[in-house]
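Colleague: Right, I'll just put the structure down here and ask away after.
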Amino acid sequence: MPRPVPSPAASPPRRRRFPHDSAGATAVEFALVATPLIALCVAALQTAILFFAEQQLQTATRDASRLLKRITGDSLSQSLSSDDFAGAVCQRAAPTFDCAGLMIDVESVPSFGGGPITPLTLTYDPQFRVTNHWAYSPGGPGDVVIVRVMYRWPIFGSLLGIGLANQPDGQRLLTGVALYKNEPAA
């Protein structure tokens, strides 16, 4: 037997039925939970990619700096130019990094406590292009050499309030470092 249809006059007013009406509640609950969930997933993915990229930059720096290390007095005549060294770093860092964005700083001091190493501080022009000029001094026999390779990595989650950026233009500065002491001349 079919159900009787209540007449419009018999149904309660809309304001009395509203607290008991559950149509659309699932969509509203999902909307409340989805935004933080998506932000958390983007943050986790961005952090994982960031750690991977920084480790790859560190590995490329370490491997390329072995070409600079002067192991014996005979290898001093085979020193690399700054462009050759940049090419070696680029070869090891590709395809993750754009070679034009790699910044390479090679400094040497006479001993581990023997001089100041300049801190990494980037300076920018109004278009957020780096204006620094980096040193290239692989040193001589017995010198301590620090190799620093930097790259400005774009952060895509900064719109969601994820605090991974450490540069004024919303990017993160990744750094690979290698420190070694050249052997004394034979």
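Ligands are numbered from 1 in the order shown, chains are lettered A, B, ... in the order of the structure tokens, and residues start at 1 in each chain.
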What's around A:Phe52 at 12 Å? Count only C-alpha atoms, leave out sequence neighbours fewer than 4 positions away in its own chain, and write the answer as a count of residues only.

Modeller: 13

Colleague: Could you state the separation of atom CA of A:Pro110 and atom CA of A:Ser82 in Å, given to one decimal place?

Modeller: 20.3 Å

Colleague: Residues of stretch 52-173 of chain A in helix (DSSP H, G or I) according to DSSP, as a short mmCIF file (atom, residue, chain, number, x, y, z; two decimals) with C-alpha atoms, in the first residue's frame?

Modeller:
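And here's states.cif as it stands now:
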data_model
loop_
_atom_site.label_atom_id
_atom_site.label_comp_id
_atom_site.auth_asym_id
_atom_site.auth_seq_id
_atom_site.Cartn_x
_atom_site.Cartn_y
_atom_site.Cartn_z
CA PHE A 52 66.05 14.54 -1.73
CA ALA A 53 67.25 17.62 -3.66
CA GLU A 54 69.50 18.80 -0.83
CA GLN A 55 71.06 15.35 -0.50
CA GLN A 56 71.66 15.19 -4.24
CA LEU A 57 73.31 18.63 -4.14
CA GLN A 58 75.51 17.52 -1.23
CA THR A 59 76.54 14.38 -3.11
CA ALA A 60 77.33 16.36 -6.28
CA THR A 61 79.39 18.83 -4.25
CA ARG A 62 81.35 16.10 -2.50
CA ASP A 63 82.03 14.17 -5.70
CA ALA A 64 83.03 17.23 -7.74
CA SER A 65 85.25 18.61 -4.98
CA ARG A 66 87.40 15.49 -5.23
CA LEU A 67 88.56 16.86 -8.57
CA LEU A 68 89.94 19.93 -6.78
CA GLY A 73 102.49 17.67 -5.50
CA ASP A 74 102.25 16.30 -9.05
CA SER A 75 98.51 17.03 -9.29
CA LEU A 76 99.01 20.77 -8.68
CA SER A 77 99.71 21.31 -12.37
CA GLN A 78 96.37 19.73 -13.29
CA SER A 82 86.31 27.67 -12.30
CA ASP A 83 84.31 26.90 -15.46
CA ASP A 84 85.62 23.32 -15.59
CA PHE A 85 84.72 22.81 -11.95
CA ALA A 86 81.24 24.31 -12.47
CA GLY A 87 80.77 21.89 -15.37
CA ALA A 88 81.80 18.98 -13.16
CA VAL A 89 79.30 20.01 -10.48
CA CYS A 90 76.60 20.49 -13.10
CA GLN A 91 77.24 17.07 -14.61
CA ARG A 92 76.80 15.44 -11.21
CA ALA A 93 73.76 17.54 -10.20
CA CYS A 99 72.96 24.44 -14.08
CA ALA A 100 72.43 28.17 -14.59
CA GLY A 101 71.07 28.39 -11.03
CA GLY A 157 53.52 25.01 -0.71
CA SER A 158 54.18 28.52 0.53
CA LEU A 159 50.67 29.57 -0.50
CA LEU A 160 49.28 27.13 2.05
#

Colleague: Can you pull out every residue from stretch 74-127 of chain A that DSSP, working from the backbone, puts in strand (DSSP E), and format the result as a list in words?

Modeller: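 Assigned to strand (DSSP E), within stretch 74-127 of chain A: Met103, Ile104, Asp105, Val106, Glu107, Ser108 and Val109 of chain A.
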
Colleague: Measuring atom to atom with only C-alpha atoms, identify which of A:Thr118, A:Val109, A:Ile104, A:Leu80 is nearest to A:Gly176.

Modeller: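 Going through A:Thr118, A:Val109, A:Ile104, A:Leu80 one by one, the smallest distance to A:Gly176 is for A:Ile104.
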
Colleague: Quick one: residues within 9 Å of A:Ile146, only C-alpha atoms counted, chain neighbours fewer than 2 positions away excluded, as a ChimeraX atom specification?

Modeller: /A:105-109,117,138,144,148,177-181

Colleague: Can you spit out the residues from that selection as a PDB file, in the first residue's frame, using N, CA and C atoms?

Modeller:
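Done, and the output landed in again-v5.pdb:
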ATOM      1  N   ASP A 105      81.077  28.489  -4.632  1.00  0.00           N
ATOM      2  CA  ASP A 105      82.037  29.291  -3.881  1.00  0.00           C
ATOM      3  C   ASP A 105      83.137  28.364  -3.382  1.00  0.00           C
ATOM      4  N   VAL A 106      84.371  28.629  -3.789  1.00  0.00           N
ATOM      5  CA  VAL A 106      85.528  27.830  -3.363  1.00  0.00           C
ATOM      6  C   VAL A 106      86.520  28.785  -2.706  1.00  0.00           C
ATOM      7  N   GLU A 107      86.780  28.558  -1.419  1.00  0.00           N
ATOM      8  CA  GLU A 107      87.701  29.414  -0.681  1.00  0.00           C
ATOM      9  C   GLU A 107      88.762  28.546  -0.016  1.00  0.00           C
ATOM     10  N   SER A 108      89.928  29.136   0.201  1.00  0.00           N
ATOM     11  CA  SER A 108      91.000  28.404   0.885  1.00  0.00           C
ATOM     12  C   SER A 108      91.619  29.297   1.949  1.00  0.00           C
ATOM     13  N   VAL A 109      92.096  28.660   3.012  1.00  0.00           N
ATOM     14  CA  VAL A 109      92.806  29.333   4.104  1.00  0.00           C
ATOM     15  C   VAL A 109      94.028  28.488   4.432  1.00  0.00           C
ATOM     16  N   ILE A 117      86.349  32.494   6.872  1.00  0.00           N
ATOM     17  CA  ILE A 117      85.590  32.026   5.720  1.00  0.00           C
ATOM     18  C   ILE A 117      84.334  32.888   5.703  1.00  0.00           C
ATOM     19  N   PRO A 138      91.059  27.455  -5.149  1.00  0.00           N
ATOM     20  CA  PRO A 138      91.251  26.084  -4.673  1.00  0.00           C
ATOM     21  C   PRO A 138      92.490  25.881  -3.810  1.00  0.00           C
ATOM     22  N   VAL A 144      93.636  24.575   3.554  1.00  0.00           N
ATOM     23  CA  VAL A 144      92.311  24.046   3.851  1.00  0.00           C
ATOM     24  C   VAL A 144      91.343  24.691   2.866  1.00  0.00           C
ATOM     25  N   ARG A 148      81.494  25.282  -1.429  1.00  0.00           N
ATOM     26  CA  ARG A 148      80.066  25.428  -1.141  1.00  0.00           C
ATOM     27  C   ARG A 148      79.334  25.616  -2.464  1.00  0.00           C
ATOM     28  N   VAL A 177      78.202  21.240   0.957  1.00  0.00           N
ATOM     29  CA  VAL A 177      79.492  21.705   1.472  1.00  0.00           C
ATOM     30  C   VAL A 177      80.495  20.556   1.489  1.00  0.00           C
ATOM     31  N   ALA A 178      81.713  20.860   1.088  1.00  0.00           N
ATOM     32  CA  ALA A 178      82.823  19.906   1.208  1.00  0.00           C
ATOM     33  C   ALA A 178      84.010  20.667   1.795  1.00  0.00           C
ATOM     34  N   LEU A 179      84.675  20.066   2.762  1.00  0.00           N
ATOM     35  CA  LEU A 179      85.824  20.680   3.428  1.00  0.00           C
ATOM     36  C   LEU A 179      86.955  19.658   3.417  1.00  0.00           C
ATOM     37  N   TYR A 180      88.119  20.087   2.992  1.00  0.00           N
ATOM     38  CA  TYR A 180      89.260  19.175   2.978  1.00  0.00           C
ATOM     39  C   TYR A 180      90.554  19.965   3.085  1.00  0.00           C
ATOM     40  N   LYS A 181      91.627  19.245   3.342  1.00  0.00           N
ATOM     41  CA  LYS A 181      92.958  19.859   3.412  1.00  0.00           C
ATOM     42  C   LYS A 181      93.811  19.273   2.314  1.00  0.00           C
TER      43      LYS A 181
END

Colleague: What separation in Å, quoted to one decimal, exists between atom CA of A:Asp98 and atom CA of A:Phe51?

Modeller: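 Taking atom CA of A:Asp98 as the start and atom CA of A:Phe51 as the end point, the length is 17.1 Å.
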
Colleague: For the atom pair atom CA of A:Cys41 and atom CA of A:Arg152, what is the interatomic distance in Å to one decimal place?

Modeller: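 About the pair atom CA of A:Cys41 and atom CA of A:Arg152: they are 22.7 Å apart.
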
Colleague: Considering only C-alpha atoms, return as number ranges by chain whatever protein or nucleic-acid residues lie within 10 Å of A:Leu122, sequence-local ones (same chain, fewer than 5 positions apart) excluded.

Modeller: A: 129-133, 167, 173

Colleague: How would the residues just chosen look if you wrote them out with C-alpha atoms as a CSV table (one decimal), in the first residue's frame?

Modeller:
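And here is the file that came out, again-v4.csv:
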chain,number,residue,atom,x,y,z
A,129,ARG,CA,68.2,37.9,-8.9
A,130,VAL,CA,71.3,37.1,-6.9
A,131,THR,CA,74.0,39.7,-7.3
A,132,ASN,CA,76.9,38.0,-5.4
A,133,HIS,CA,80.2,37.3,-7.0
A,167,GLN,CA,64.6,33.4,1.1
A,173,LEU,CA,68.5,28.0,-0.3
